[in-house]
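Pasted below: coords-v2.txt, compact mmCIF, C-alpha atoms.
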# COMPACT_ATOMS: atom_id res chain seq x y z
CA MET A 137 -86.73 60.43 107.81
CA ALA A 138 -83.74 58.52 106.42
CA ALA A 139 -84.03 55.99 109.26
CA ILE A 140 -87.73 55.53 108.58
CA ALA A 141 -87.07 55.02 104.86
CA LYS A 142 -84.60 52.20 105.60
CA LEU A 143 -87.05 50.27 107.80
CA PRO A 144 -88.78 47.31 106.14
CA ALA A 145 -92.39 48.02 105.32
CA ARG A 146 -93.66 45.55 107.91
CA TYR A 147 -92.00 47.56 110.72
CA ARG A 148 -93.50 50.89 109.69
CA GLY A 149 -96.59 52.03 111.50
CA PRO A 150 -99.33 54.27 110.06
CA GLY A 151 -97.83 57.21 111.92
CA ASP A 152 -94.41 56.70 110.34
CA THR A 153 -95.91 56.49 106.87
CA ALA A 154 -98.07 59.59 107.39
CA PHE A 155 -95.15 61.55 108.84
CA LYS A 156 -92.91 60.61 105.92
CA ALA A 157 -95.61 61.61 103.42
CA LEU A 158 -96.09 64.95 105.19
CA ILE A 159 -92.37 65.73 105.23
CA VAL A 160 -91.90 64.77 101.58
CA THR A 161 -94.92 66.88 100.59
CA LEU A 162 -93.72 69.95 102.47
CA SER A 163 -90.16 69.60 101.16
CA SER A 164 -91.39 69.18 97.60
CA GLY A 165 -93.69 72.17 98.06
CA ILE A 166 -90.77 74.42 98.93
CA ILE A 167 -88.85 73.30 95.85
CA LEU A 168 -91.89 73.72 93.62
CA LEU A 169 -92.53 77.16 95.09
CA ALA A 170 -89.00 78.28 94.22
CA LEU A 171 -89.27 76.86 90.71
CA GLY A 172 -92.69 78.41 90.27
CA THR A 173 -91.36 81.81 91.33
CA ALA A 174 -88.53 81.57 88.81
CA VAL A 175 -90.91 80.53 86.02
CA VAL A 176 -93.40 83.34 86.73
CA ILE A 177 -90.67 86.00 86.86
CA TYR A 178 -89.13 84.66 83.64
CA LEU A 179 -92.48 84.72 81.82
CA GLU A 180 -93.01 88.33 82.89
CA ALA A 181 -89.47 89.21 81.73
CA ARG A 182 -89.65 87.35 78.42
CA PRO A 183 -90.77 90.39 76.34
CA THR A 184 -87.55 92.17 77.33
CA PHE A 185 -85.41 89.15 76.50
CA ARG A 186 -87.14 88.92 73.10
CA ALA A 187 -86.73 92.63 72.38
CA MET A 188 -83.13 93.06 73.55
CA GLY A 189 -81.70 89.57 73.81
CA PHE A 190 -80.81 87.64 76.92
CA GLY A 191 -77.16 88.69 76.83
CA SER A 192 -77.60 92.20 75.40
CA PHE A 193 -79.81 93.15 78.33
CA LEU A 194 -76.94 92.23 80.66
CA ILE A 195 -74.29 94.38 78.97
CA GLU A 196 -76.38 97.40 77.98
CA THR A 197 -75.31 100.43 80.07
CA THR A 198 -78.26 102.72 79.34
CA TRP A 199 -81.49 102.66 81.32
CA ASP A 200 -83.92 105.11 79.72
CA PRO A 201 -87.58 104.05 79.96
CA VAL A 202 -88.68 107.10 77.94
CA ALA A 203 -86.54 106.00 74.99
CA ALA A 204 -87.47 102.34 75.57
CA ILE A 205 -83.82 101.44 76.23
CA HIS A 206 -83.24 99.17 79.19
CA GLY A 207 -79.89 97.84 80.30
CA ALA A 208 -79.19 95.99 83.52
CA LEU A 209 -75.40 96.49 83.65
CA PRO A 210 -75.43 99.59 85.91
CA PHE A 211 -77.56 97.79 88.48
CA ILE A 212 -75.57 94.57 88.29
CA ILE A 213 -72.33 96.48 88.82
CA GLY A 214 -73.85 98.48 91.67
CA THR A 215 -75.21 95.34 93.35
CA LEU A 216 -71.93 93.44 93.12
CA LEU A 217 -69.80 96.39 94.23
CA THR A 218 -71.93 97.31 97.24
CA SER A 219 -72.42 93.68 98.33
CA PHE A 220 -68.80 92.58 98.10
CA ALA A 221 -67.50 95.85 99.56
CA ALA A 222 -69.92 95.53 102.47
CA LEU A 223 -68.84 91.93 102.96
CA LEU A 224 -65.18 92.92 103.08
CA LEU A 225 -65.98 95.58 105.67
CA ALA A 226 -68.06 93.16 107.76
CA ILE A 227 -65.89 90.02 107.76
CA ILE A 228 -63.08 91.11 110.09
CA PRO A 229 -65.25 92.75 112.81
CA ALA A 230 -67.81 89.95 112.65
CA LEU A 231 -65.20 87.21 112.89
CA GLY A 232 -63.51 89.07 115.73
CA VAL A 233 -66.76 89.31 117.68
CA ALA A 234 -67.52 85.62 117.05
CA ILE A 235 -64.06 84.54 118.26
CA PHE A 236 -64.21 86.81 121.31
CA THR A 237 -67.64 85.64 122.46
CA SER A 238 -66.86 81.97 121.78
CA GLU A 239 -63.37 81.68 123.23
CA TYR A 240 -62.30 84.69 125.27
CA ALA A 241 -65.22 86.53 126.85
CA PRO A 242 -66.67 85.54 130.25
CA GLY A 243 -70.05 83.88 130.02
CA TRP A 244 -72.04 86.87 131.24
CA LEU A 245 -70.30 89.24 128.80
CA ALA A 246 -70.67 86.81 125.90
CA GLN A 247 -74.40 86.59 126.57
CA ILE A 248 -74.79 90.38 126.53
CA ILE A 249 -72.85 90.69 123.28
CA ASN A 250 -74.71 87.84 121.62
CA TYR A 251 -78.10 89.26 122.61
CA THR A 252 -77.08 92.68 121.31
CA VAL A 253 -75.91 91.25 118.00
CA ASP A 254 -79.13 89.27 117.63
CA LEU A 255 -81.17 92.40 118.34
CA LEU A 256 -79.27 94.27 115.61
CA ALA A 257 -80.35 91.59 113.14
CA ALA A 258 -83.99 92.15 114.18
CA ILE A 259 -84.02 95.88 113.40
CA PRO A 260 -86.18 96.48 110.28
CA SER A 261 -84.31 97.63 107.21
CA VAL A 262 -86.48 100.73 106.82
CA VAL A 263 -85.63 101.85 110.36
CA VAL A 264 -81.92 101.57 109.59
CA GLY A 265 -82.53 103.55 106.41
CA ILE A 266 -84.34 106.34 108.26
CA TRP A 267 -81.50 106.57 110.77
CA GLY A 268 -79.06 106.70 107.89
CA ILE A 269 -80.97 109.48 106.13
CA PHE A 270 -81.29 111.80 109.11
CA ASN A 271 -78.12 111.04 111.08
CA PHE A 272 -75.45 108.94 109.43
CA ALA A 273 -75.47 110.24 105.85
CA PRO A 274 -75.24 113.99 106.70
CA LEU A 275 -72.52 113.28 109.28
CA MET A 276 -70.42 111.28 106.82
CA ARG A 277 -70.86 113.95 104.13
CA ASP A 278 -69.70 116.82 106.34
CA VAL A 279 -67.04 115.06 108.42
CA VAL A 280 -65.55 112.55 105.97
CA TYR A 281 -66.48 113.07 102.33
CA MET A 282 -66.10 116.84 102.03
CA PRO A 283 -62.63 117.01 103.66
CA ILE A 284 -61.37 114.16 101.46
CA TYR A 285 -62.86 115.76 98.34
CA MET A 286 -61.36 119.19 99.13
CA TRP A 287 -57.95 117.63 99.81
CA ALA A 288 -58.10 115.75 96.51
CA LEU A 289 -59.21 118.92 94.71
CA GLU A 290 -56.15 120.79 95.96
CA ASN A 291 -53.48 118.07 96.08
CA ALA A 292 -54.49 115.06 93.98
CA GLU A 293 -56.78 115.93 91.11
CA TRP A 294 -56.27 112.48 89.62
CA LEU A 295 -58.41 111.13 92.48
CA LEU A 296 -61.44 113.24 91.59
CA PRO A 297 -62.87 110.82 88.97
CA ILE A 298 -62.66 108.07 91.61
CA VAL A 299 -64.07 109.87 94.66
CA GLY A 300 -66.54 112.07 92.77
CA ALA A 301 -68.37 115.13 94.08
CA PRO A 302 -69.81 114.34 97.54
CA SER A 303 -73.53 113.84 97.79
CA THR A 304 -75.54 113.04 100.88
CA TYR A 305 -76.74 109.71 99.54
CA ASN A 306 -74.05 107.78 97.75
CA PHE A 307 -72.29 104.48 97.14
CA THR A 308 -70.04 104.59 100.21
CA THR A 309 -72.82 105.47 102.66
CA ALA A 310 -75.01 102.64 101.37
CA THR A 311 -72.09 100.21 101.54
CA ILE A 312 -71.25 101.06 105.16
CA ILE A 313 -74.89 100.73 106.20
CA LEU A 314 -75.13 97.44 104.34
CA ALA A 315 -72.02 96.16 106.12
CA LEU A 316 -73.59 97.12 109.45
CA MET A 317 -76.72 95.17 108.55
CA ILE A 318 -74.95 91.92 107.58
CA VAL A 319 -72.53 91.88 110.54
CA PRO A 320 -75.07 90.16 112.85
CA TYR A 321 -75.63 87.34 110.34
CA THR A 322 -71.91 86.78 109.87
CA VAL A 323 -71.34 86.85 113.64
CA ALA A 324 -74.13 84.36 114.37
CA LEU A 325 -73.11 81.88 111.68
CA SER A 326 -69.40 82.13 112.48
CA ARG A 327 -70.15 81.71 116.18
CA ASP A 328 -72.15 78.56 115.45
CA ALA A 329 -69.34 77.17 113.31
CA ILE A 330 -66.77 77.79 116.04
CA GLY A 331 -69.12 76.23 118.60
CA GLN A 332 -69.24 73.02 116.55
CA VAL A 333 -65.51 72.43 117.02
CA PRO A 334 -65.12 69.46 119.43
CA ARG A 335 -63.64 70.19 122.81
CA GLU A 336 -61.07 67.43 122.19
CA GLN A 337 -59.67 69.51 119.32
CA ARG A 338 -58.82 72.30 121.73
CA GLU A 339 -57.58 70.00 124.50
CA ALA A 340 -55.18 68.27 122.12
CA ALA A 341 -53.64 71.61 121.19
CA TRP A 342 -53.41 72.63 124.86
CA ALA A 343 -51.68 69.33 125.65
CA LEU A 344 -49.04 70.07 123.02
CA GLY A 345 -48.22 73.34 124.76
CA ALA A 346 -49.99 75.70 122.37
CA THR A 347 -50.87 79.20 123.48
CA ARG A 348 -54.46 80.46 123.40
CA TRP A 349 -53.87 82.23 120.09
CA GLU A 350 -52.20 79.14 118.62
CA VAL A 351 -55.14 76.99 119.72
CA MET A 352 -57.49 79.36 117.94
CA ARG A 353 -55.36 79.75 114.81
CA LYS A 354 -54.21 76.14 114.35
CA ALA A 355 -56.94 74.03 115.96
CA VAL A 356 -60.24 75.90 116.00
CA LEU A 357 -60.34 78.08 112.88
CA PRO A 358 -59.11 75.39 110.44
CA TYR A 359 -61.83 73.05 111.72
CA ALA A 360 -64.54 75.71 111.52
CA ARG A 361 -63.43 77.34 108.29
CA THR A 362 -66.08 75.77 106.06
CA GLY A 363 -68.84 76.83 108.42
CA ILE A 364 -67.43 80.34 108.50
CA VAL A 365 -67.23 80.43 104.71
CA ALA A 366 -70.84 79.23 104.48
CA GLY A 367 -71.85 82.00 106.89
CA VAL A 368 -70.00 84.57 104.81
CA LEU A 369 -71.76 83.38 101.65
CA LEU A 370 -75.17 83.53 103.32
CA SER A 371 -74.36 87.06 104.48
CA LEU A 372 -73.41 87.89 100.89
CA ALA A 373 -76.79 86.60 99.72
CA ARG A 374 -78.42 88.80 102.35
CA ALA A 375 -76.45 91.79 101.09
CA LEU A 376 -77.37 91.11 97.45
CA GLY A 377 -81.07 91.12 98.25
CA GLU A 378 -81.15 94.05 100.69
CA THR A 379 -83.64 96.61 99.43
CA MET A 380 -85.01 99.37 101.63
CA ALA A 381 -81.92 100.72 103.39
CA VAL A 382 -79.83 100.62 100.23
CA ALA A 383 -82.58 102.22 98.11
CA MET A 384 -82.94 105.00 100.67
CA LEU A 385 -79.21 105.78 100.90
CA ILE A 386 -77.50 104.92 97.61
CA GLY A 387 -78.80 107.89 95.62
CA ASN A 388 -80.27 105.80 92.76
CA SER A 389 -78.24 106.88 89.74
CA ASN A 390 -78.58 104.73 86.63
CA ARG A 391 -75.30 105.85 85.07
CA VAL A 392 -71.92 104.15 85.14
CA PRO A 393 -69.15 104.43 86.13
CA PHE A 394 -70.01 105.06 89.77
CA THR A 395 -67.82 107.09 92.13
CA LEU A 396 -67.12 106.52 95.81
CA PHE A 397 -68.95 109.63 97.03
CA GLY A 398 -71.48 109.82 94.20
CA PRO A 399 -74.87 108.14 93.77
CA ALA A 400 -75.24 104.62 92.40
CA ALA A 401 -77.97 101.99 92.05
CA THR A 402 -78.54 98.29 92.69
CA MET A 403 -80.93 95.70 91.30
CA PRO A 404 -83.21 95.77 94.38
CA SER A 405 -83.18 99.59 94.47
CA VAL A 406 -84.27 100.00 90.84
CA ILE A 407 -87.03 97.45 91.34
CA ILE A 408 -88.51 99.21 94.36
CA ASN A 409 -88.08 102.71 92.92
CA GLU A 410 -89.56 102.11 89.46
CA PHE A 411 -91.96 99.22 89.82
CA ARG A 412 -95.05 101.34 90.56
CA GLU A 413 -94.16 103.75 87.73
CA ALA A 414 -93.72 101.01 85.13
CA VAL A 415 -96.85 101.63 83.05
CA GLU A 416 -95.27 100.71 79.73
CA PRO A 417 -95.17 96.95 79.09
CA LEU A 418 -91.47 96.94 78.12
CA HIS A 419 -90.51 98.97 81.18
CA TYR A 420 -92.40 96.58 83.43
CA SER A 421 -90.89 93.57 81.70
CA SER A 422 -87.38 95.01 82.06
CA ILE A 423 -87.83 95.45 85.80
CA MET A 424 -88.98 91.83 86.03
CA ALA A 425 -85.90 90.82 84.04
CA VAL A 426 -83.70 92.56 86.60
CA GLY A 427 -85.55 90.65 89.31
CA PHE A 428 -84.99 87.40 87.42
CA TYR A 429 -81.23 87.92 87.35
CA LEU A 430 -81.25 88.86 91.03
CA PHE A 431 -83.22 85.69 91.81
CA ILE A 432 -80.70 83.52 89.96
CA VAL A 433 -77.68 85.09 91.70
CA THR A 434 -79.24 84.85 95.17
CA ILE A 435 -80.37 81.24 94.72
CA GLY A 436 -76.95 80.28 93.38
CA ILE A 437 -75.13 81.74 96.38
CA ASN A 438 -77.54 80.06 98.82
CA LEU A 439 -77.06 76.70 97.11
CA LEU A 440 -73.29 77.13 97.30
CA ALA A 441 -73.54 77.93 101.01
CA SER A 442 -75.72 74.85 101.59
CA TRP A 443 -73.22 72.66 99.77
CA ILE A 444 -70.38 73.96 101.94
CA GLN A 445 -72.43 73.35 105.08
CA GLN A 446 -73.04 69.77 103.98
CA ARG A 447 -69.33 69.28 103.47
CA LEU A 448 -68.81 70.65 106.97
CA ALA A 449 -71.19 68.07 108.42
CA ILE A 450 -69.74 65.19 106.40
CA GLY A 451 -66.06 66.10 106.27
CA LYS A 452 -65.86 67.71 109.73
CA GLY A 453 -64.26 70.91 108.57
CA THR A 454 -62.30 69.71 105.56
CA ILE A 455 -62.94 70.60 101.97

As structure tokens, how would this structure be written, given the file I've shared?
Amino acid sequence: MAAIAKLPARYRGPGDTAFKALIVTLSSGIILLALGTAVVIYLEARPTFRAMGFGSFLIETTWDPVAAIHGALPFIIGTLLTSFAALLLAIIPALGVAIFTSEYAPGWLAQIINYTVDLLAAIPSVVVGIWGIFNFAPLMRDVVYMPIYMWALENAEWLLPIVGAPSTYNFTTATIILALMIVPYTVALSRDAIGQVPREQREAAWALGATRWEVMRKAVLPYARTGIVAGVLLSLARALGETMAVAMLIGNSNRVPFTLFGPAATMPSVIINEFREAVEPLHYSSIMAVGFYLFIVTIGINLLASWIQQRLAIGKGTI
């Protein structure tokens, strides 16, 4: 499209002009759709912002629809904690898989692993949640949480406010499941970033006598780091917006502070759990306000990831 735009008008055919108009229309439509979504959600949330204040709604810790008190802080804290904790759990395994399939594994094995990872990304969130409810959550409660809680109860009581009384559906279970769900995205994007490193970059390091690990550490990863960071940020955006699996496994408690083995809540989970029950106008508006904040955070992270990817294309791996 950029090449077509630079052509003098006399060299442009009707097809070029029509194609450019179509592309510009579709691109503008996507932008207008995003802006329209933000405007509609904001208008629906405006009664809450008027009643409580734009900032007060963010810092209020109580969510009690019966008393007409709505605060988003518990859900914001829960969303940020689960998302960043899941990202920390997912980064190292995902990066390891991406490096192994790109640089070390034989072709046939790399294909099997890549297909498996891509299939994991295609599993519906609700299916993962059902598996977590009936298999993973009870196993973690009986094998991991209860022994740790009993040990803390007998030997380190100061840990009890941190770990909390074990429940089947809790913060840690939801975080682990969320990490499992974003690993395929991080693997795929990191693998693509590593694949963009020119072969000459590796050959130059080999010519200098570098070992395989030194080639990876000093030649490949520095070049691909912005693409990897962009992939991590996109995975974070995916984690922030994840709904079904987290809502099914996190326990949905609206009180802070949260504990490791106790229930918590996120912005997507409160939206899906209370939206159909929001018969009062202020309750409905407050849920839309939570969605508005979630929209802003997700869009911001995606824009940041896009900016980093552009720098990767222009600066060839340098920031």

Checklist entry - Got a sec: who's within 8 Å of Ser371 in chain A, counting all atoms listed in the file, leaving out chain neighbours fewer than 6 positions off, as an NGL selection string? => result :A and (223 or 318-319 or 321-322)

Next on the checklist: Need the shell around range 430-440 of chain A: protein/DNA/RNA residues with any atom at most 8 Å away, counting all atoms listed in the file. Skip same-chain ones fewer than 3 positions apart. Format as number ranges by chain?
Outcome noted: A: 174, 366, 369-370, 372-373, 376-377, 403-404, 426-427, 443-444

Checklist entry - Near range 194-210 of chain A, counting all atoms listed in the file, which residues have an atom at most 10 Å away, once you skip same-chain residues fewer than 5 positions from it, shown as a list in words? => result Thr184, Phe185, Met188, Gly189, Thr215, Ser389, Asn390, Arg391, Val392, Pro393, Phe394, Ala400, Ala401, Thr402, Met403, Val406, Glu410, Ala414, Glu416, Leu418, His419, Tyr420, Ser421, Ser422, Ile423, Ala425, Val426 and Tyr429 of chain A

Checklist entry - What does the distance from CA of Ile386 in chain A to CA of Trp294 in chain A come to in Å, to one decimal? => result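 The value is 23.9 Å.
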
Checklist entry - Near Leu224 in chain A, within 10 Å and counting all atoms listed in the file, which residues show up once chain neighbours fewer than 6 positions away are dropped, as a list in words? => result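 Contacts, with the query itself left out: Thr218, Ala315, Val368 and Leu372 of chain A.
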
Next on the checklist: What's the separation between CA of Asn250 in chain A and CA of Ser238 in chain A, in Å to one decimal place?
Outcome noted: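 The value is 9.8 Å.
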
Next on the checklist: When you look at Pro399 in chain A with a cut-off of 12 Å (counting only C-alpha atoms), what residues show up, excluding the ones that are within fewer than 6 positions of it in the same chain? I need them as a VMD selection string.
Outcome noted: chain A and resid 210 to 211 214 218 299 to 311 382 to 393 405

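In this model, the gap between CA of Tyr359 in chain A and CA of Val253 in chain A comes to 23.9 Å.
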
Checklist entry - Of the candidates A:Tyr281, A:Ala441, A:Met424, A:Pro274, which one gets nearest to Pro183 in chain A if we count all atoms listed in the file? => result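 Smallest separation from Pro183 in chain A among the options: A:Met424.
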
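Using only C-alpha atoms, the nearest neighbour of Ala234 in chain A within the list A:Leu295, A:Ile407, A:Leu396, A:Met352 is A:Met352.
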
Item to check | Counting only C-alpha atoms, the residue of A:Ile259, A:Ala324, A:Leu168, A:Ile364 that sits nearest Val233 in chain A | outcome: A:Ala324

Checklist outcome for this item: Judged by only C-alpha atoms, the minimum distance to Leu231 in chain A among A:Thr379, A:Glu413, A:Arg335, A:Ile330 is found for A:Ile330

Atom completion result for range 367-401 of chain A (N, CA and C atoms) as a PDB file, in the frame of the given file:
ATOM      1  N   GLY A 367     -71.224  80.831 106.291  1.00  0.00           N
ATOM      2  CA  GLY A 367     -71.850  82.000 106.890  1.00  0.00           C
ATOM      3  C   GLY A 367     -71.575  83.270 106.108  1.00  0.00           C
ATOM      4  N   VAL A 368     -70.357  83.393 105.615  1.00  0.00           N
ATOM      5  CA  VAL A 368     -70.000  84.570 104.810  1.00  0.00           C
ATOM      6  C   VAL A 368     -70.823  84.591 103.526  1.00  0.00           C
ATOM      7  N   LEU A 369     -70.990  83.433 102.888  1.00  0.00           N
ATOM      8  CA  LEU A 369     -71.760  83.380 101.650  1.00  0.00           C
ATOM      9  C   LEU A 369     -73.238  83.691 101.890  1.00  0.00           C
ATOM     10  N   LEU A 370     -73.782  83.213 102.994  1.00  0.00           N
ATOM     11  CA  LEU A 370     -75.170  83.530 103.320  1.00  0.00           C
ATOM     12  C   LEU A 370     -75.334  85.030 103.610  1.00  0.00           C
ATOM     13  N   SER A 371     -74.332  85.620 104.254  1.00  0.00           N
ATOM     14  CA  SER A 371     -74.360  87.060 104.480  1.00  0.00           C
ATOM     15  C   SER A 371     -74.276  87.819 103.158  1.00  0.00           C
ATOM     16  N   LEU A 372     -73.490  87.285 102.215  1.00  0.00           N
ATOM     17  CA  LEU A 372     -73.410  87.890 100.890  1.00  0.00           C
ATOM     18  C   LEU A 372     -74.773  87.841 100.193  1.00  0.00           C
ATOM     19  N   ALA A 373     -75.447  86.706 100.299  1.00  0.00           N
ATOM     20  CA  ALA A 373     -76.790  86.600  99.720  1.00  0.00           C
ATOM     21  C   ALA A 373     -77.743  87.603 100.356  1.00  0.00           C
ATOM     22  N   ARG A 374     -77.599  87.800 101.650  1.00  0.00           N
ATOM     23  CA  ARG A 374     -78.420  88.800 102.350  1.00  0.00           C
ATOM     24  C   ARG A 374     -78.115  90.199 101.830  1.00  0.00           C
ATOM     25  N   ALA A 375     -76.839  90.479 101.593  1.00  0.00           N
ATOM     26  CA  ALA A 375     -76.450  91.790 101.090  1.00  0.00           C
ATOM     27  C   ALA A 375     -76.959  92.013  99.665  1.00  0.00           C
ATOM     28  N   LEU A 376     -76.910  90.978  98.830  1.00  0.00           N
ATOM     29  CA  LEU A 376     -77.370  91.110  97.450  1.00  0.00           C
ATOM     30  C   LEU A 376     -78.853  91.452  97.383  1.00  0.00           C
ATOM     31  N   GLY A 377     -79.634  90.912  98.297  1.00  0.00           N
ATOM     32  CA  GLY A 377     -81.070  91.120  98.250  1.00  0.00           C
ATOM     33  C   GLY A 377     -81.581  92.277  99.097  1.00  0.00           C
ATOM     34  N   GLU A 378     -80.715  92.950  99.840  1.00  0.00           N
ATOM     35  CA  GLU A 378     -81.150  94.050 100.690  1.00  0.00           C
ATOM     36  C   GLU A 378     -81.755  95.168  99.838  1.00  0.00           C
ATOM     37  N   THR A 379     -82.887  95.678 100.279  1.00  0.00           N
ATOM     38  CA  THR A 379     -83.640  96.610  99.430  1.00  0.00           C
ATOM     39  C   THR A 379     -83.793  97.988 100.053  1.00  0.00           C
ATOM     40  N   MET A 380     -84.536  98.078 101.161  1.00  0.00           N
ATOM     41  CA  MET A 380     -85.010  99.370 101.630  1.00  0.00           C
ATOM     42  C   MET A 380     -83.871 100.304 102.028  1.00  0.00           C
ATOM     43  N   ALA A 381     -82.990  99.836 102.914  1.00  0.00           N
ATOM     44  CA  ALA A 381     -81.920 100.720 103.390  1.00  0.00           C
ATOM     45  C   ALA A 381     -81.028 101.180 102.256  1.00  0.00           C
ATOM     46  N   VAL A 382     -80.696 100.261 101.356  1.00  0.00           N
ATOM     47  CA  VAL A 382     -79.830 100.620 100.230  1.00  0.00           C
ATOM     48  C   VAL A 382     -80.552 101.597  99.297  1.00  0.00           C
ATOM     49  N   ALA A 383     -81.823 101.329  98.994  1.00  0.00           N
ATOM     50  CA  ALA A 383     -82.580 102.220  98.110  1.00  0.00           C
ATOM     51  C   ALA A 383     -82.707 103.621  98.700  1.00  0.00           C
ATOM     52  N   MET A 384     -82.778 103.705 100.014  1.00  0.00           N
ATOM     53  CA  MET A 384     -82.940 105.000 100.670  1.00  0.00           C
ATOM     54  C   MET A 384     -81.632 105.791 100.736  1.00  0.00           C
ATOM     55  N   LEU A 385     -80.491 105.111 100.640  1.00  0.00           N
ATOM     56  CA  LEU A 385     -79.210 105.780 100.900  1.00  0.00           C
ATOM     57  C   LEU A 385     -78.248 105.800  99.718  1.00  0.00           C
ATOM     58  N   ILE A 386     -78.494 105.045  98.672  1.00  0.00           N
ATOM     59  CA  ILE A 386     -77.500 104.920  97.610  1.00  0.00           C
ATOM     60  C   ILE A 386     -77.599 106.033  96.571  1.00  0.00           C
ATOM     61  N   GLY A 387     -78.688 106.770  96.552  1.00  0.00           N
ATOM     62  CA  GLY A 387     -78.800 107.890  95.620  1.00  0.00           C
ATOM     63  C   GLY A 387     -79.497 107.558  94.321  1.00  0.00           C
ATOM     64  N   ASN A 388     -79.498 106.283  93.914  1.00  0.00           N
ATOM     65  CA  ASN A 388     -80.270 105.800  92.760  1.00  0.00           C
ATOM     66  C   ASN A 388     -79.931 106.528  91.465  1.00  0.00           C
ATOM     67  N   SER A 389     -78.690 106.378  91.042  1.00  0.00           N
ATOM     68  CA  SER A 389     -78.240 106.880  89.740  1.00  0.00           C
ATOM     69  C   SER A 389     -78.076 105.706  88.800  1.00  0.00           C
ATOM     70  N   ASN A 390     -78.619 105.828  87.589  1.00  0.00           N
ATOM     71  CA  ASN A 390     -78.580 104.730  86.630  1.00  0.00           C
ATOM     72  C   ASN A 390     -77.390 104.803  85.682  1.00  0.00           C
ATOM     73  N   ARG A 391     -76.432 105.672  85.977  1.00  0.00           N
ATOM     74  CA  ARG A 391     -75.300 105.850  85.070  1.00  0.00           C
ATOM     75  C   ARG A 391     -74.035 105.234  85.648  1.00  0.00           C
ATOM     76  N   VAL A 392     -73.240 104.664  84.776  1.00  0.00           N
ATOM     77  CA  VAL A 392     -71.920 104.150  85.140  1.00  0.00           C
ATOM     78  C   VAL A 392     -70.878 104.946  84.368  1.00  0.00           C
ATOM     79  N   PRO A 393     -69.635 105.068  84.896  1.00  0.00           N
ATOM     80  CA  PRO A 393     -69.150 104.430  86.130  1.00  0.00           C
ATOM     81  C   PRO A 393     -69.594 105.184  87.380  1.00  0.00           C
ATOM     82  N   PHE A 394     -69.668 104.458  88.488  1.00  0.00           N
ATOM     83  CA  PHE A 394     -70.010 105.060  89.770  1.00  0.00           C
ATOM     84  C   PHE A 394     -68.748 105.601  90.431  1.00  0.00           C
ATOM     85  N   THR A 395     -68.932 106.553  91.341  1.00  0.00           N
ATOM     86  CA  THR A 395     -67.820 107.090  92.130  1.00  0.00           C
ATOM     87  C   THR A 395     -68.073 106.778  93.605  1.00  0.00           C
ATOM     88  N   LEU A 396     -67.012 106.883  94.407  1.00  0.00           N
ATOM     89  CA  LEU A 396     -67.120 106.520  95.810  1.00  0.00           C
ATOM     90  C   LEU A 396     -68.126 107.400  96.553  1.00  0.00           C
ATOM     91  N   PHE A 397     -68.085 108.700  96.299  1.00  0.00           N
ATOM     92  CA  PHE A 397     -68.950 109.630  97.030  1.00  0.00           C
ATOM     93  C   PHE A 397     -70.148 110.079  96.207  1.00  0.00           C
ATOM     94  N   GLY A 398     -70.357 109.464  95.047  1.00  0.00           N
ATOM     95  CA  GLY A 398     -71.480 109.820  94.200  1.00  0.00           C
ATOM     96  C   GLY A 398     -72.576 108.773  94.262  1.00  0.00           C
ATOM     97  N   PRO A 399     -73.741 109.076  93.724  1.00  0.00           N
ATOM     98  CA  PRO A 399     -74.870 108.140  93.770  1.00  0.00           C
ATOM     99  C   PRO A 399     -74.638 106.941  92.866  1.00  0.00           C
ATOM    100  N   ALA A 400     -75.309 105.854  93.183  1.00  0.00           N
ATOM    101  CA  ALA A 400     -75.240 104.620  92.400  1.00  0.00           C
ATOM    102  C   ALA A 400     -76.617 103.969  92.444  1.00  0.00           C
ATOM    103  N   ALA A 401     -76.699 102.713  92.028  1.00  0.00           N
ATOM    104  CA  ALA A 401     -77.970 101.990  92.050  1.00  0.00           C
ATOM    105  C   ALA A 401     -77.682 100.495  92.114  1.00  0.00           C
TER     106      ALA A 401
END
